[in-house]
$ cat entry_28.csv   # CSV, C-alpha atoms
chain,number,residue,atom,x,y,z
N,1,MET,CA,0.0,0.0,0.0
N,2,SER,CA,1.0,3.5,-0.6
N,3,TYR,CA,3.4,4.5,2.2
N,4,SER,CA,5.4,6.7,-0.1
N,5,SER,CA,4.8,8.4,-3.5
N,6,ARG,CA,7.7,6.3,-4.9
N,7,GLN,CA,5.8,3.1,-4.9
N,8,ASN,CA,3.2,2.2,-7.4
N,9,ASP,CA,1.5,-1.0,-6.5
N,10,GLY,CA,-2.2,-0.9,-6.4
N,11,PRO,CA,-5.5,0.9,-6.7
N,12,LEU,CA,-5.0,3.0,-3.6
N,13,ASP,CA,-1.9,4.4,-5.1
N,14,SER,CA,-3.7,5.1,-8.3
N,15,LEU,CA,-6.5,6.8,-6.3
N,16,ILE,CA,-4.1,9.0,-4.3
N,17,ARG,CA,-2.3,9.9,-7.6
N,18,ALA,CA,-5.6,10.8,-9.3
N,19,LEU,CA,-6.6,12.9,-6.3
N,20,ALA,CA,-3.2,14.6,-6.0
N,21,GLY,CA,-3.5,15.8,-9.6
N,22,LEU,CA,-6.7,17.8,-8.9
N,23,PRO,CA,-6.3,21.6,-8.6
N,24,GLY,CA,-5.5,22.7,-5.0
N,25,LEU,CA,-4.6,19.2,-3.8
N,26,GLY,CA,-1.2,17.6,-3.2
N,27,PRO,CA,0.1,14.2,-2.1
N,28,ARG,CA,-0.7,14.9,1.6
N,29,SER,CA,-4.3,16.1,1.1
N,30,ALA,CA,-4.8,13.3,-1.4
N,31,ARG,CA,-3.8,10.7,1.2
N,32,ARG,CA,-6.0,12.3,3.7
N,33,ILE,CA,-9.0,12.2,1.3
N,34,ALA,CA,-8.3,8.6,0.2
N,35,LEU,CA,-8.3,7.5,3.9
N,36,TYR,CA,-11.5,9.4,4.6
N,37,LEU,CA,-13.2,7.8,1.6
N,38,LEU,CA,-12.1,4.3,2.7
N,39,THR,CA,-13.2,4.8,6.3
N,40,ASN,CA,-16.6,6.2,5.3
N,41,ARG,CA,-17.4,4.1,2.3
N,42,GLU,CA,-21.2,4.2,2.3
N,43,LYS,CA,-21.5,7.8,3.2
N,44,THR,CA,-18.8,9.3,1.0
N,45,MET,CA,-17.2,6.9,-1.5
N,46,THR,CA,-20.5,5.6,-3.0
N,47,PRO,CA,-22.1,9.0,-3.4
N,48,LEU,CA,-18.9,10.4,-5.0
N,49,MET,CA,-18.7,7.5,-7.4
N,50,GLN,CA,-22.3,7.8,-8.4
N,51,ALA,CA,-22.0,11.5,-8.9
N,52,LEU,CA,-18.9,11.1,-11.0
N,53,GLU,CA,-20.6,8.5,-13.2
N,54,GLN,CA,-23.8,10.5,-13.7
N,55,THR,CA,-21.9,13.7,-14.3
N,56,ALA,CA,-19.6,12.0,-16.9
N,57,ALA,CA,-22.7,10.4,-18.6
N,58,GLN,CA,-25.1,13.4,-18.5
N,59,VAL,CA,-23.2,16.7,-18.5
N,60,ARG,CA,-22.1,18.1,-21.8
N,61,ALA,CA,-20.9,21.4,-23.3
N,62,CYS,CA,-23.5,23.7,-24.9
N,63,SER,CA,-22.7,23.8,-28.7
N,64,ALA,CA,-23.7,27.5,-28.7
N,65,CYS,CA,-22.1,29.1,-25.7
N,66,GLY,CA,-19.8,26.4,-24.2
N,67,ASN,CA,-21.6,26.3,-20.9
N,68,LEU,CA,-21.9,22.9,-19.1
N,69,ASP,CA,-25.4,21.5,-18.7
N,70,LEU,CA,-27.6,18.5,-19.1
N,71,SER,CA,-29.1,19.7,-22.3
N,72,ASP,CA,-27.7,21.2,-25.5
N,73,PRO,CA,-28.4,24.0,-26.1
N,74,CYS,CA,-28.0,24.8,-22.4
N,75,ARG,CA,-30.8,26.2,-20.2
N,76,ILE,CA,-29.5,29.7,-20.5
N,77,CYS,CA,-29.2,29.7,-24.3
N,78,ALA,CA,-32.6,27.9,-24.6
N,79,ASN,CA,-34.4,30.3,-22.2
N,80,PRO,CA,-36.5,32.8,-24.1
N,81,GLN,CA,-36.7,35.0,-21.0
N,82,ARG,CA,-33.0,35.9,-21.2
N,83,ALA,CA,-32.3,39.1,-23.1
N,84,GLN,CA,-31.2,38.2,-26.7
N,85,ASN,CA,-29.6,41.6,-27.4
N,86,ILE,CA,-26.8,41.5,-24.7
N,87,MET,CA,-24.0,39.0,-24.5
N,88,CYS,CA,-21.4,38.5,-21.8
N,89,VAL,CA,-18.1,37.0,-22.9
N,90,VAL,CA,-16.2,35.1,-20.2
N,91,ALA,CA,-13.0,33.0,-20.2
N,92,GLY,CA,-14.5,29.9,-18.6
N,93,VAL,CA,-17.5,28.1,-17.1
N,94,ALA,CA,-16.3,29.1,-13.6
N,95,ASP,CA,-16.7,32.8,-14.5
N,96,LEU,CA,-20.2,32.1,-15.9
N,97,TRP,CA,-21.2,30.4,-12.7
N,98,ALA,CA,-19.7,33.3,-10.6
N,99,ILE,CA,-21.8,35.9,-12.6
N,100,GLU,CA,-24.9,33.7,-12.5
N,101,ARG,CA,-24.6,33.5,-8.7
N,102,THR,CA,-25.0,37.3,-8.5
N,103,GLY,CA,-28.2,37.1,-10.5
N,104,VAL,CA,-27.4,40.6,-11.9
N,105,PHE,CA,-27.1,39.6,-15.6
N,106,LYS,CA,-30.1,38.5,-17.6
N,107,GLY,CA,-28.6,38.1,-21.1
N,108,ARG,CA,-26.7,35.3,-22.8
N,109,TYR,CA,-23.1,34.2,-22.4
N,110,HIS,CA,-20.2,33.2,-24.6
N,111,ILE,CA,-17.4,31.1,-23.2
N,112,LEU,CA,-14.0,31.7,-24.8
N,113,GLY,CA,-12.4,28.6,-23.3
N,114,GLY,CA,-9.4,30.5,-22.0
N,115,ILE,CA,-7.5,33.8,-22.5
N,116,LEU,CA,-4.7,34.8,-24.8
N,117,SER,CA,-1.3,34.1,-23.2
N,118,ALA,CA,2.1,34.4,-24.7
N,119,LEU,CA,3.5,32.5,-21.8
N,120,ASP,CA,1.2,29.5,-22.1
N,121,GLY,CA,1.2,29.7,-25.9
N,122,VAL,CA,-2.6,30.4,-26.1
N,123,THR,CA,-3.2,32.0,-29.5
N,124,PRO,CA,-6.5,33.5,-30.9
N,125,ASP,CA,-7.3,30.4,-33.0
N,126,MET,CA,-7.4,28.3,-29.8
N,127,LEU,CA,-10.2,30.4,-28.3
N,128,SER,CA,-13.9,30.3,-29.3
N,129,ILE,CA,-13.7,33.6,-31.2
N,130,ARG,CA,-15.0,32.6,-34.6
N,131,ALA,CA,-18.1,31.1,-32.9
N,132,LEU,CA,-18.6,34.3,-31.0
N,133,LEU,CA,-18.6,36.4,-34.1
N,134,ASP,CA,-21.0,34.0,-35.8
N,135,ARG,CA,-23.7,34.4,-33.1
N,136,LEU,CA,-23.8,38.1,-32.7
N,137,GLU,CA,-27.0,38.5,-34.8
N,138,GLY,CA,-29.4,40.7,-32.8
N,139,THR,CA,-26.7,41.5,-30.2
N,140,GLU,CA,-26.5,45.2,-29.3
N,141,GLU,CA,-24.0,45.0,-26.5
N,142,VAL,CA,-21.0,42.7,-25.7
N,143,ILE,CA,-19.7,42.8,-22.2
N,144,LEU,CA,-16.1,41.6,-22.0
N,145,ALA,CA,-16.1,40.1,-18.5
N,146,LEU,CA,-12.5,39.1,-18.4
N,147,SER,CA,-10.0,39.2,-15.5
N,148,ALA,CA,-8.2,42.4,-14.8
N,149,THR,CA,-4.9,40.8,-15.4
N,150,VAL,CA,-2.4,41.6,-18.2
N,151,ASP,CA,-3.5,38.5,-20.2
N,152,GLY,CA,-7.2,39.3,-19.5
N,153,GLN,CA,-6.9,42.8,-20.7
N,154,THR,CA,-4.8,41.8,-23.8
N,155,THR,CA,-7.6,39.4,-24.7
N,156,ALA,CA,-10.2,42.2,-24.1
N,157,HIS,CA,-8.3,44.6,-26.4
N,158,TYR,CA,-7.9,41.9,-29.1
N,159,LEU,CA,-11.6,40.9,-28.9
N,160,GLY,CA,-12.6,44.6,-29.0
N,161,ASP,CA,-10.8,45.0,-32.3
N,162,ARG,CA,-12.2,41.8,-33.8
N,163,LEU,CA,-15.8,42.7,-32.7
N,164,GLN,CA,-15.5,46.3,-34.1
N,165,ASP,CA,-14.3,44.8,-37.5
N,166,ALA,CA,-17.0,42.2,-37.6
N,167,ARG,CA,-19.9,44.4,-36.3
N,168,PRO,CA,-19.0,48.1,-36.7
N,169,GLY,CA,-20.8,50.2,-34.2
N,170,ILE,CA,-21.6,47.4,-31.7
N,171,LYS,CA,-21.5,48.5,-28.1
N,172,ILE,CA,-18.5,46.9,-26.3
N,173,THR,CA,-18.2,47.3,-22.5
N,174,ARG,CA,-16.0,45.8,-19.7
N,175,LEU,CA,-16.5,45.3,-16.0
N,176,ALA,CA,-15.8,48.3,-13.8
N,177,HIS,CA,-12.4,48.4,-12.0
N,178,GLY,CA,-12.3,49.6,-8.4
N,179,VAL,CA,-12.1,48.8,-4.7
N,180,PRO,CA,-13.7,45.3,-4.1
N,181,VAL,CA,-16.7,45.5,-1.9
N,182,GLY,CA,-15.5,44.8,1.7
N,183,GLY,CA,-11.9,45.4,0.6
N,184,GLU,CA,-9.6,47.5,2.7
N,185,LEU,CA,-7.7,50.3,1.0
N,186,ASP,CA,-4.6,49.4,3.0
N,187,TYR,CA,-4.3,46.0,1.2
N,188,LEU,CA,-5.0,47.2,-2.3
N,189,ASP,CA,-2.4,47.6,-5.0
N,190,GLU,CA,-1.7,51.1,-6.3
N,191,GLY,CA,-3.1,50.3,-9.8
N,192,THR,CA,-6.5,49.5,-8.3
N,193,ILE,CA,-6.5,52.6,-6.1
N,194,MET,CA,-5.5,54.8,-9.0
N,195,THR,CA,-8.2,53.3,-11.2
N,196,ALA,CA,-10.8,53.6,-8.5
N,197,MET,CA,-9.8,57.3,-7.9
N,198,LYS,CA,-10.1,58.1,-11.6
N,199,SER,CA,-13.5,56.4,-11.9
N,200,ARG,CA,-14.8,57.9,-8.7
N,201,ALA,CA,-18.6,58.4,-8.5
N,202,LEU,CA,-20.9,60.9,-6.8
N,203,VAL,CA,-22.4,59.6,-3.5
M,1,MET,CA,-26.6,23.7,-13.3
M,2,SER,CA,-25.1,24.6,-10.1
M,3,TYR,CA,-24.6,28.3,-10.0
M,4,SER,CA,-25.3,28.5,-6.3
M,5,SER,CA,-25.3,26.0,-3.4
M,6,ARG,CA,-29.0,26.6,-2.9
M,7,GLN,CA,-30.0,24.8,-6.0
M,8,ASN,CA,-30.1,21.1,-6.3
M,9,ASP,CA,-30.9,20.0,-9.8
M,10,GLY,CA,-28.5,17.5,-11.2
M,11,PRO,CA,-25.5,15.3,-11.1
M,12,LEU,CA,-23.0,18.2,-11.2
M,13,ASP,CA,-24.6,19.5,-8.0
M,14,SER,CA,-24.3,16.1,-6.4
M,15,LEU,CA,-20.7,15.9,-7.5
M,16,ILE,CA,-19.9,19.3,-6.1
M,17,ARG,CA,-21.6,18.4,-2.9
M,18,ALA,CA,-19.8,15.1,-2.6
M,19,LEU,CA,-16.4,16.8,-3.2
M,20,ALA,CA,-17.2,19.7,-0.8
M,21,GLY,CA,-17.7,17.2,2.0
M,22,LEU,CA,-14.2,15.8,1.7
M,23,PRO,CA,-11.6,16.9,4.3
M,24,GLY,CA,-9.9,20.1,3.4
M,25,LEU,CA,-12.3,21.0,0.6
M,26,GLY,CA,-15.2,23.5,0.6
M,27,PRO,CA,-17.8,24.6,-2.0
M,28,ARG,CA,-15.4,26.8,-3.9
M,29,SER,CA,-12.6,24.2,-4.2
M,30,ALA,CA,-15.2,21.6,-5.0
M,31,ARG,CA,-16.6,23.7,-7.9
M,32,ARG,CA,-13.1,24.2,-9.2
M,33,ILE,CA,-12.3,20.5,-9.1
M,34,ALA,CA,-15.6,19.5,-10.7
M,35,LEU,CA,-14.9,21.9,-13.6
M,36,TYR,CA,-11.4,20.6,-13.9
M,37,LEU,CA,-12.7,17.1,-14.1
M,38,LEU,CA,-15.3,18.0,-16.7
M,39,THR,CA,-12.9,19.9,-19.0
M,40,ASN,CA,-10.2,17.1,-18.8
M,41,ARG,CA,-12.5,14.0,-18.9
M,42,GLU,CA,-10.1,11.5,-20.4
M,43,LYS,CA,-7.0,12.5,-18.5
M,44,THR,CA,-8.6,13.1,-15.0
M,45,MET,CA,-12.2,12.0,-14.6
M,46,THR,CA,-11.8,8.5,-16.1
M,47,PRO,CA,-8.6,7.6,-14.1
M,48,LEU,CA,-10.3,8.9,-10.9
M,49,MET,CA,-13.4,6.9,-11.5
M,50,GLN,CA,-11.4,3.7,-12.2
M,51,ALA,CA,-9.2,4.2,-9.2
M,52,LEU,CA,-12.3,4.7,-6.9
M,53,GLU,CA,-14.0,1.6,-8.3
M,54,GLN,CA,-10.9,-0.6,-7.9
M,55,THR,CA,-10.1,0.8,-4.4
M,56,ALA,CA,-13.7,0.2,-3.3
M,57,ALA,CA,-13.6,-3.3,-4.7
M,58,GLN,CA,-10.1,-4.4,-3.6
M,59,VAL,CA,-8.9,-2.5,-0.6
M,60,ARG,CA,-10.0,-4.0,2.8
M,61,ALA,CA,-9.0,-3.6,6.4
M,62,CYS,CA,-6.5,-6.2,7.9
M,63,SER,CA,-8.4,-8.2,10.5
M,64,ALA,CA,-5.3,-8.4,12.6
M,65,CYS,CA,-3.9,-4.8,12.8
M,66,GLY,CA,-6.6,-2.7,11.0
M,67,ASN,CA,-4.2,-1.5,8.2
M,68,LEU,CA,-5.7,-1.1,4.7
M,69,ASP,CA,-4.4,-3.4,2.1
M,70,LEU,CA,-5.3,-5.6,-0.9
M,71,SER,CA,-4.8,-8.8,1.3
M,72,ASP,CA,-6.0,-9.8,4.7
M,73,PRO,CA,-3.8,-10.2,6.7
M,74,CYS,CA,-2.0,-7.1,5.3
M,75,ARG,CA,1.5,-7.3,3.9
M,76,ILE,CA,3.0,-6.0,7.1
M,77,CYS,CA,1.3,-8.6,9.3
M,78,ALA,CA,2.1,-11.3,6.7
M,79,ASN,CA,5.7,-10.4,6.3
M,80,PRO,CA,8.0,-12.8,8.3
M,81,GLN,CA,10.9,-10.3,7.9
M,82,ARG,CA,9.1,-7.8,10.3
M,83,ALA,CA,10.1,-8.2,13.9
M,84,GLN,CA,7.5,-10.1,15.8
M,85,ASN,CA,8.6,-8.9,19.2
M,86,ILE,CA,7.9,-5.2,18.9
M,87,MET,CA,4.5,-3.6,18.2
M,88,CYS,CA,3.7,0.0,17.4
M,89,VAL,CA,0.3,1.3,18.4
M,90,VAL,CA,-1.1,4.1,16.3
M,91,ALA,CA,-4.4,5.9,16.2
M,92,GLY,CA,-5.1,5.5,12.5
M,93,VAL,CA,-3.9,4.3,9.1
M,94,ALA,CA,-2.5,7.7,8.3
M,95,ASP,CA,-0.1,7.5,11.2
M,96,LEU,CA,1.0,4.0,10.1
M,97,TRP,CA,1.7,5.4,6.7
M,98,ALA,CA,3.6,8.3,8.1
M,99,ILE,CA,5.8,5.9,10.2
M,100,GLU,CA,6.3,3.5,7.2
M,101,ARG,CA,7.5,6.4,5.0
M,102,THR,CA,10.4,7.0,7.4
M,103,GLY,CA,11.4,3.3,7.1
M,104,VAL,CA,12.7,3.4,10.7
M,105,PHE,CA,10.4,0.9,12.2
M,106,LYS,CA,10.6,-2.8,11.3
M,107,GLY,CA,8.1,-4.4,13.7
M,108,ARG,CA,4.3,-4.8,13.5
M,109,TYR,CA,1.5,-2.3,14.0
M,110,HIS,CA,-1.8,-2.1,15.8
M,111,ILE,CA,-4.4,0.5,14.7
M,112,LEU,CA,-6.7,1.7,17.5
M,113,GLY,CA,-9.2,3.3,15.2
M,114,GLY,CA,-9.1,6.6,17.1
M,115,ILE,CA,-8.1,8.1,20.4
M,116,LEU,CA,-10.1,8.6,23.7
M,117,SER,CA,-11.9,11.9,23.7
M,118,ALA,CA,-14.4,13.1,26.3
M,119,LEU,CA,-15.4,15.9,23.8
M,120,ASP,CA,-16.1,13.6,20.9
M,121,GLY,CA,-17.5,10.9,23.2
M,122,VAL,CA,-14.9,8.2,22.3
M,123,THR,CA,-14.8,5.6,25.0
M,124,PRO,CA,-12.3,2.7,25.4
M,125,ASP,CA,-14.8,0.1,24.1
M,126,MET,CA,-15.0,2.1,20.8
M,127,LEU,CA,-11.2,1.5,20.2
M,128,SER,CA,-9.5,-1.7,19.2
M,129,ILE,CA,-8.0,-2.3,22.6
M,130,ARG,CA,-9.3,-5.9,23.3
M,131,ALA,CA,-7.9,-7.0,19.9
M,132,LEU,CA,-4.5,-5.4,20.9
M,133,LEU,CA,-4.3,-7.2,24.2
M,134,ASP,CA,-5.2,-10.5,22.4
M,135,ARG,CA,-2.3,-10.3,20.0
M,136,LEU,CA,0.6,-9.5,22.3
M,137,GLU,CA,1.9,-13.1,22.4
M,138,GLY,CA,5.6,-12.8,21.8
M,139,THR,CA,5.6,-9.1,22.0
M,140,GLU,CA,8.4,-7.6,24.2
M,141,GLU,CA,7.9,-3.9,23.5
M,142,VAL,CA,4.9,-1.8,22.7
M,143,ILE,CA,5.5,1.6,21.3
M,144,LEU,CA,2.6,4.0,21.9
M,145,ALA,CA,3.0,6.3,18.9
M,146,LEU,CA,0.2,8.6,19.7
M,147,SER,CA,-0.1,12.4,19.2
M,148,ALA,CA,1.3,14.7,21.8
M,149,THR,CA,-2.1,16.2,22.5
M,150,VAL,CA,-4.1,16.0,25.7
M,151,ASP,CA,-6.4,13.2,24.2
M,152,GLY,CA,-3.4,11.4,22.7
M,153,GLN,CA,-1.6,11.4,26.0
M,154,THR,CA,-4.7,10.4,28.0
M,155,THR,CA,-5.1,7.4,25.6
M,156,ALA,CA,-1.4,6.5,26.1
M,157,HIS,CA,-1.8,6.6,29.9
M,158,TYR,CA,-4.9,4.5,29.8
M,159,LEU,CA,-3.3,2.0,27.3
M,160,GLY,CA,-0.2,1.8,29.5
M,161,ASP,CA,-2.3,0.7,32.5
M,162,ARG,CA,-4.3,-1.8,30.5
M,163,LEU,CA,-1.1,-3.2,29.0
M,164,GLN,CA,0.6,-3.5,32.4
M,165,ASP,CA,-2.4,-5.3,33.8
M,166,ALA,CA,-2.6,-7.7,30.9
M,167,ARG,CA,1.1,-8.4,30.4
M,168,PRO,CA,3.0,-7.5,33.6
M,169,GLY,CA,6.6,-6.5,32.9
M,170,ILE,CA,6.1,-5.7,29.2
M,171,LYS,CA,8.2,-2.8,28.0
M,172,ILE,CA,6.0,0.2,27.1
M,173,THR,CA,7.6,3.2,25.3
M,174,ARG,CA,6.4,6.4,23.7
M,175,LEU,CA,7.8,8.7,20.9
M,176,ALA,CA,10.4,11.3,22.1
M,177,HIS,CA,9.1,14.8,22.6
M,178,GLY,CA,11.2,17.7,21.5
M,179,VAL,CA,12.0,20.3,18.9
M,180,PRO,CA,10.8,19.2,15.5
M,181,VAL,CA,13.7,18.8,13.0
M,182,GLY,CA,13.9,22.0,11.0
M,183,GLY,CA,11.7,23.8,13.6
M,184,GLU,CA,12.5,27.2,14.9
M,185,LEU,CA,12.5,27.7,18.7
M,186,ASP,CA,10.9,31.1,18.2
M,187,TYR,CA,7.7,29.5,17.0
M,188,LEU,CA,7.6,26.6,19.5
M,189,ASP,CA,5.2,26.5,22.4
M,190,GLU,CA,6.7,26.6,25.9
M,191,GLY,CA,5.6,23.0,26.7
M,192,THR,CA,7.7,21.7,23.9
M,193,ILE,CA,10.7,23.8,24.8
M,194,MET,CA,10.5,22.7,28.5
M,195,THR,CA,10.3,19.1,27.5
M,196,ALA,CA,13.1,19.4,25.0
M,197,MET,CA,15.3,21.1,27.7
M,198,LYS,CA,14.6,18.4,30.2
M,199,SER,CA,15.3,15.6,27.7
M,200,ARG,CA,18.4,17.4,26.3
M,201,ALA,CA,21.1,15.1,24.9
M,202,LEU,CA,24.9,15.2,24.7
M,203,VAL,CA,26.2,16.4,21.3

$ encode --input "entry_28.csv" --output "structure tokens"
Amino acid sequence: MSYSSRQNDGPLDSLIRALAGLPGLGPRSARRIALYLLTNREKTMTPLMQALEQTAAQVRACSACGNLDLSDPCRICANPQRAQNIMCVVAGVADLWAIERTGVFKGRYHILGGILSALDGVTPDMLSIRALLDRLEGTEEVILALSATVDGQTTAHYLGDRLQDARPGIKITRLAHGVPVGGELDYLDEGTIMTAMKSRALV
Amino acid sequence: MSYSSRQNDGPLDSLIRALAGLPGLGPRSARRIALYLLTNREKTMTPLMQALEQTAAQVRACSACGNLDLSDPCRICANPQRAQNIMCVVAGVADLWAIERTGVFKGRYHILGGILSALDGVTPDMLSIRALLDRLEGTEEVILALSATVDGQTTAHYLGDRLQDARPGIKITRLAHGVPVGGELDYLDEGTIMTAMKSRALV
């Protein structure tokens, strides 16, 4: 059995290795989780296995926006209540979920599947940009909801140019920059404070 | 799909809930892992599912010591090369693994399955103490490798008494207390420093 990570002699080692490769987990937390699963089989291992099987069998990517759902098109794309004239472009499904949790956005989404990155070798043809341009019929505003990082902003600039070329005059917006709600000024970087100062609003 | 933890409408929610219940994980890390699994199905989801199935089917507890292995008795209990006259008592399988990784101990183990705790309501009859007393034939030394916490030391005292009653004259030892290797004095509690000072050794 897996006393060290050097050995490779059984399903428990495979399990620990599979767990240790998940984001945020390492060998130590993977061992802890594997032991927890083994000592609480009915309550934890069986539900996890069932959920994995059902998720693998039933969840698929929406062929329109790239969201993960049980149906294709996904429930957001298929929902006639969602505004058809505004589209929010996000890097990944996690960002879509984060925005949906706020309940503030009632339009449609488009998932790029990543952001441009010279370091990671992500080029425009690796992102879902062609598909985005092809589904802008009836869209009046595109919100580029990308991270406020260098790569995120590079991607936003690039997308802005492509969108203007494809749909001249379309309204292109981005998320506001500023002090996070609940954030202390003391801990904020100067770039954020400068931006927040420039974009200050009347109270 | 699972935009919030309030909803409950599908296998992806079940998966996120199952993951979030694992030690060290919460809703946020569970969502991240679920997305990672879904976007890397062949490389991560399939191996994890296979490892879980094989582990559930093949790994069992050793009826002698309580260790988890593919065989019963486990490879440590069945190994004639391991010293039969020295037994190391640990609280759980994780502790056995931790000691095995050092390679310093060549005897047999006994897993208690927990430690005595008034707070958690763990009483002696809930631990594998009877089984321990029943397999001391030929054992000359019992190492109580329990945590240096109040509960761990209470358990060690209680076990010491039980062992002395059952096997008068048997050698009972505990792990040394002191400064952890690589540990800075500055960050150590006073109890450890006092103990390390009292047990100081010649260089």

$ interface_residues --input "entry_28.csv" --of "chain N" --to "chain M" --cutoff "6 Å" --atoms "all atoms listed in the file" --output "list of chain:residue names"
N:Met1, N:Tyr3, N:Ser4, N:Pro11, N:Leu12, N:Ser14, N:Leu15, N:Ala18, N:Leu48, N:Ala51, N:Gln54, N:Thr55, N:Asp69, N:Trp97, N:Glu100, N:Arg101

$ atom_distance --input "entry_28.csv" --atom1 "atom CA of Ile129 of chain M" --atom2 "atom CA of Cys62 of chain M"
15.3 Å

$ atom_distance --input "entry_28.csv" --atom1 "atom CA of Arg174 of chain M" --atom2 "atom CA of Pro27 of chain N"
27.7 Å

$ atom_distance --input "entry_28.csv" --atom1 "atom CA of Met87 of chain N" --atom2 "atom CA of Thr192 of chain N"
26.1 Å

$ residues_around --input "entry_28.csv" --residues "Cys88 of chain M" --least-positions-apart "2" --cutoff "9 Å" --atoms "all atoms listed in the file" --output "PyMOL selection string"
chain M and resi 86+90+96+105+107-111+141-145

$ residues_around --input "entry_28.csv" --residues "Met126 of chain M" --least-positions-apart "2" --cutoff "10 Å" --atoms "only C-alpha atoms" --output "ChimeraX atom specification"
/M:112-116,121-124,128-129

$ write_last_selection --input "entry_28.csv" --atoms "C-alpha atoms" --output "PDB file, keeping the file's coordinate frame"
ATOM      1  CA  LEU M 112      -6.700   1.700  17.500  1.00  0.00           C
ATOM      2  CA  GLY M 113      -9.200   3.300  15.200  1.00  0.00           C
ATOM      3  CA  GLY M 114      -9.100   6.600  17.100  1.00  0.00           C
ATOM      4  CA  ILE M 115      -8.100   8.100  20.400  1.00  0.00           C
ATOM      5  CA  LEU M 116     -10.100   8.600  23.700  1.00  0.00           C
ATOM      6  CA  GLY M 121     -17.500  10.900  23.200  1.00  0.00           C
ATOM      7  CA  VAL M 122     -14.900   8.200  22.300  1.00  0.00           C
ATOM      8  CA  THR M 123     -14.800   5.600  25.000  1.00  0.00           C
ATOM      9  CA  PRO M 124     -12.300   2.700  25.400  1.00  0.00           C
ATOM     10  CA  SER M 128      -9.500  -1.700  19.200  1.00  0.00           C
ATOM     11  CA  ILE M 129      -8.000  -2.300  22.600  1.00  0.00           C
TER      12      ILE M 129
END

$ build_atoms --input "entry_28.csv" --residues "segment 59-70 of chain N" --atoms "N, CA, C and O atoms" --output "PDB file, in the coordinates of the input"
ATOM      1  N   VAL N  59     -23.549  15.286 -18.277  1.00  0.00           N
ATOM      2  CA  VAL N  59     -23.200  16.700 -18.500  1.00  0.00           C
ATOM      3  C   VAL N  59     -22.414  16.888 -19.743  1.00  0.00           C
ATOM      4  O   VAL N  59     -21.444  16.192 -19.977  1.00  0.00           O
ATOM      5  N   ARG N  60     -22.848  17.823 -20.574  1.00  0.00           N
ATOM      6  CA  ARG N  60     -22.100  18.100 -21.800  1.00  0.00           C
ATOM      7  C   ARG N  60     -21.987  19.584 -22.033  1.00  0.00           C
ATOM      8  O   ARG N  60     -22.631  20.382 -21.355  1.00  0.00           O
ATOM      9  N   ALA N  61     -21.138  19.955 -22.985  1.00  0.00           N
ATOM     10  CA  ALA N  61     -20.900  21.400 -23.300  1.00  0.00           C
ATOM     11  C   ALA N  61     -21.978  21.848 -24.268  1.00  0.00           C
ATOM     12  O   ALA N  61     -22.317  21.148 -25.224  1.00  0.00           O
ATOM     13  N   CYS N  62     -22.508  23.053 -24.024  1.00  0.00           N
ATOM     14  CA  CYS N  62     -23.500  23.700 -24.900  1.00  0.00           C
ATOM     15  C   CYS N  62     -22.776  24.001 -26.247  1.00  0.00           C
ATOM     16  O   CYS N  62     -21.723  24.642 -26.238  1.00  0.00           O
ATOM     17  N   SER N  63     -23.343  23.584 -27.370  1.00  0.00           N
ATOM     18  CA  SER N  63     -22.700  23.800 -28.700  1.00  0.00           C
ATOM     19  C   SER N  63     -22.761  25.285 -29.061  1.00  0.00           C
ATOM     20  O   SER N  63     -22.020  25.731 -29.935  1.00  0.00           O
ATOM     21  N   ALA N  64     -23.627  26.054 -28.419  1.00  0.00           N
ATOM     22  CA  ALA N  64     -23.700  27.500 -28.700  1.00  0.00           C
ATOM     23  C   ALA N  64     -22.727  28.282 -27.903  1.00  0.00           C
ATOM     24  O   ALA N  64     -21.829  28.926 -28.429  1.00  0.00           O
ATOM     25  N   CYS N  65     -22.870  28.237 -26.570  1.00  0.00           N
ATOM     26  CA  CYS N  65     -22.100  29.100 -25.700  1.00  0.00           C
ATOM     27  C   CYS N  65     -20.909  28.452 -25.028  1.00  0.00           C
ATOM     28  O   CYS N  65     -20.005  29.116 -24.556  1.00  0.00           O
ATOM     29  N   GLY N  66     -20.921  27.114 -24.908  1.00  0.00           N
ATOM     30  CA  GLY N  66     -19.800  26.400 -24.200  1.00  0.00           C
ATOM     31  C   GLY N  66     -20.095  26.113 -22.784  1.00  0.00           C
ATOM     32  O   GLY N  66     -19.272  25.482 -22.122  1.00  0.00           O
ATOM     33  N   ASN N  67     -21.242  26.554 -22.259  1.00  0.00           N
ATOM     34  CA  ASN N  67     -21.600  26.300 -20.900  1.00  0.00           C
ATOM     35  C   ASN N  67     -21.808  24.754 -20.684  1.00  0.00           C
ATOM     36  O   ASN N  67     -22.083  24.028 -21.630  1.00  0.00           O
ATOM     37  N   LEU N  68     -21.656  24.271 -19.449  1.00  0.00           N
ATOM     38  CA  LEU N  68     -21.900  22.900 -19.100  1.00  0.00           C
ATOM     39  C   LEU N  68     -23.282  22.675 -18.610  1.00  0.00           C
ATOM     40  O   LEU N  68     -23.677  23.345 -17.671  1.00  0.00           O
ATOM     41  N   ASP N  69     -24.026  21.742 -19.192  1.00  0.00           N
ATOM     42  CA  ASP N  69     -25.400  21.500 -18.700  1.00  0.00           C
ATOM     43  C   ASP N  69     -25.852  20.136 -19.149  1.00  0.00           C
ATOM     44  O   ASP N  69     -25.151  19.407 -19.836  1.00  0.00           O
ATOM     45  N   LEU N  70     -27.059  19.774 -18.707  1.00  0.00           N
ATOM     46  CA  LEU N  70     -27.600  18.500 -19.100  1.00  0.00           C
ATOM     47  C   LEU N  70     -28.199  18.457 -20.458  1.00  0.00           C
ATOM     48  O   LEU N  70     -28.434  17.400 -21.025  1.00  0.00           O
TER      49      LEU N  70
END
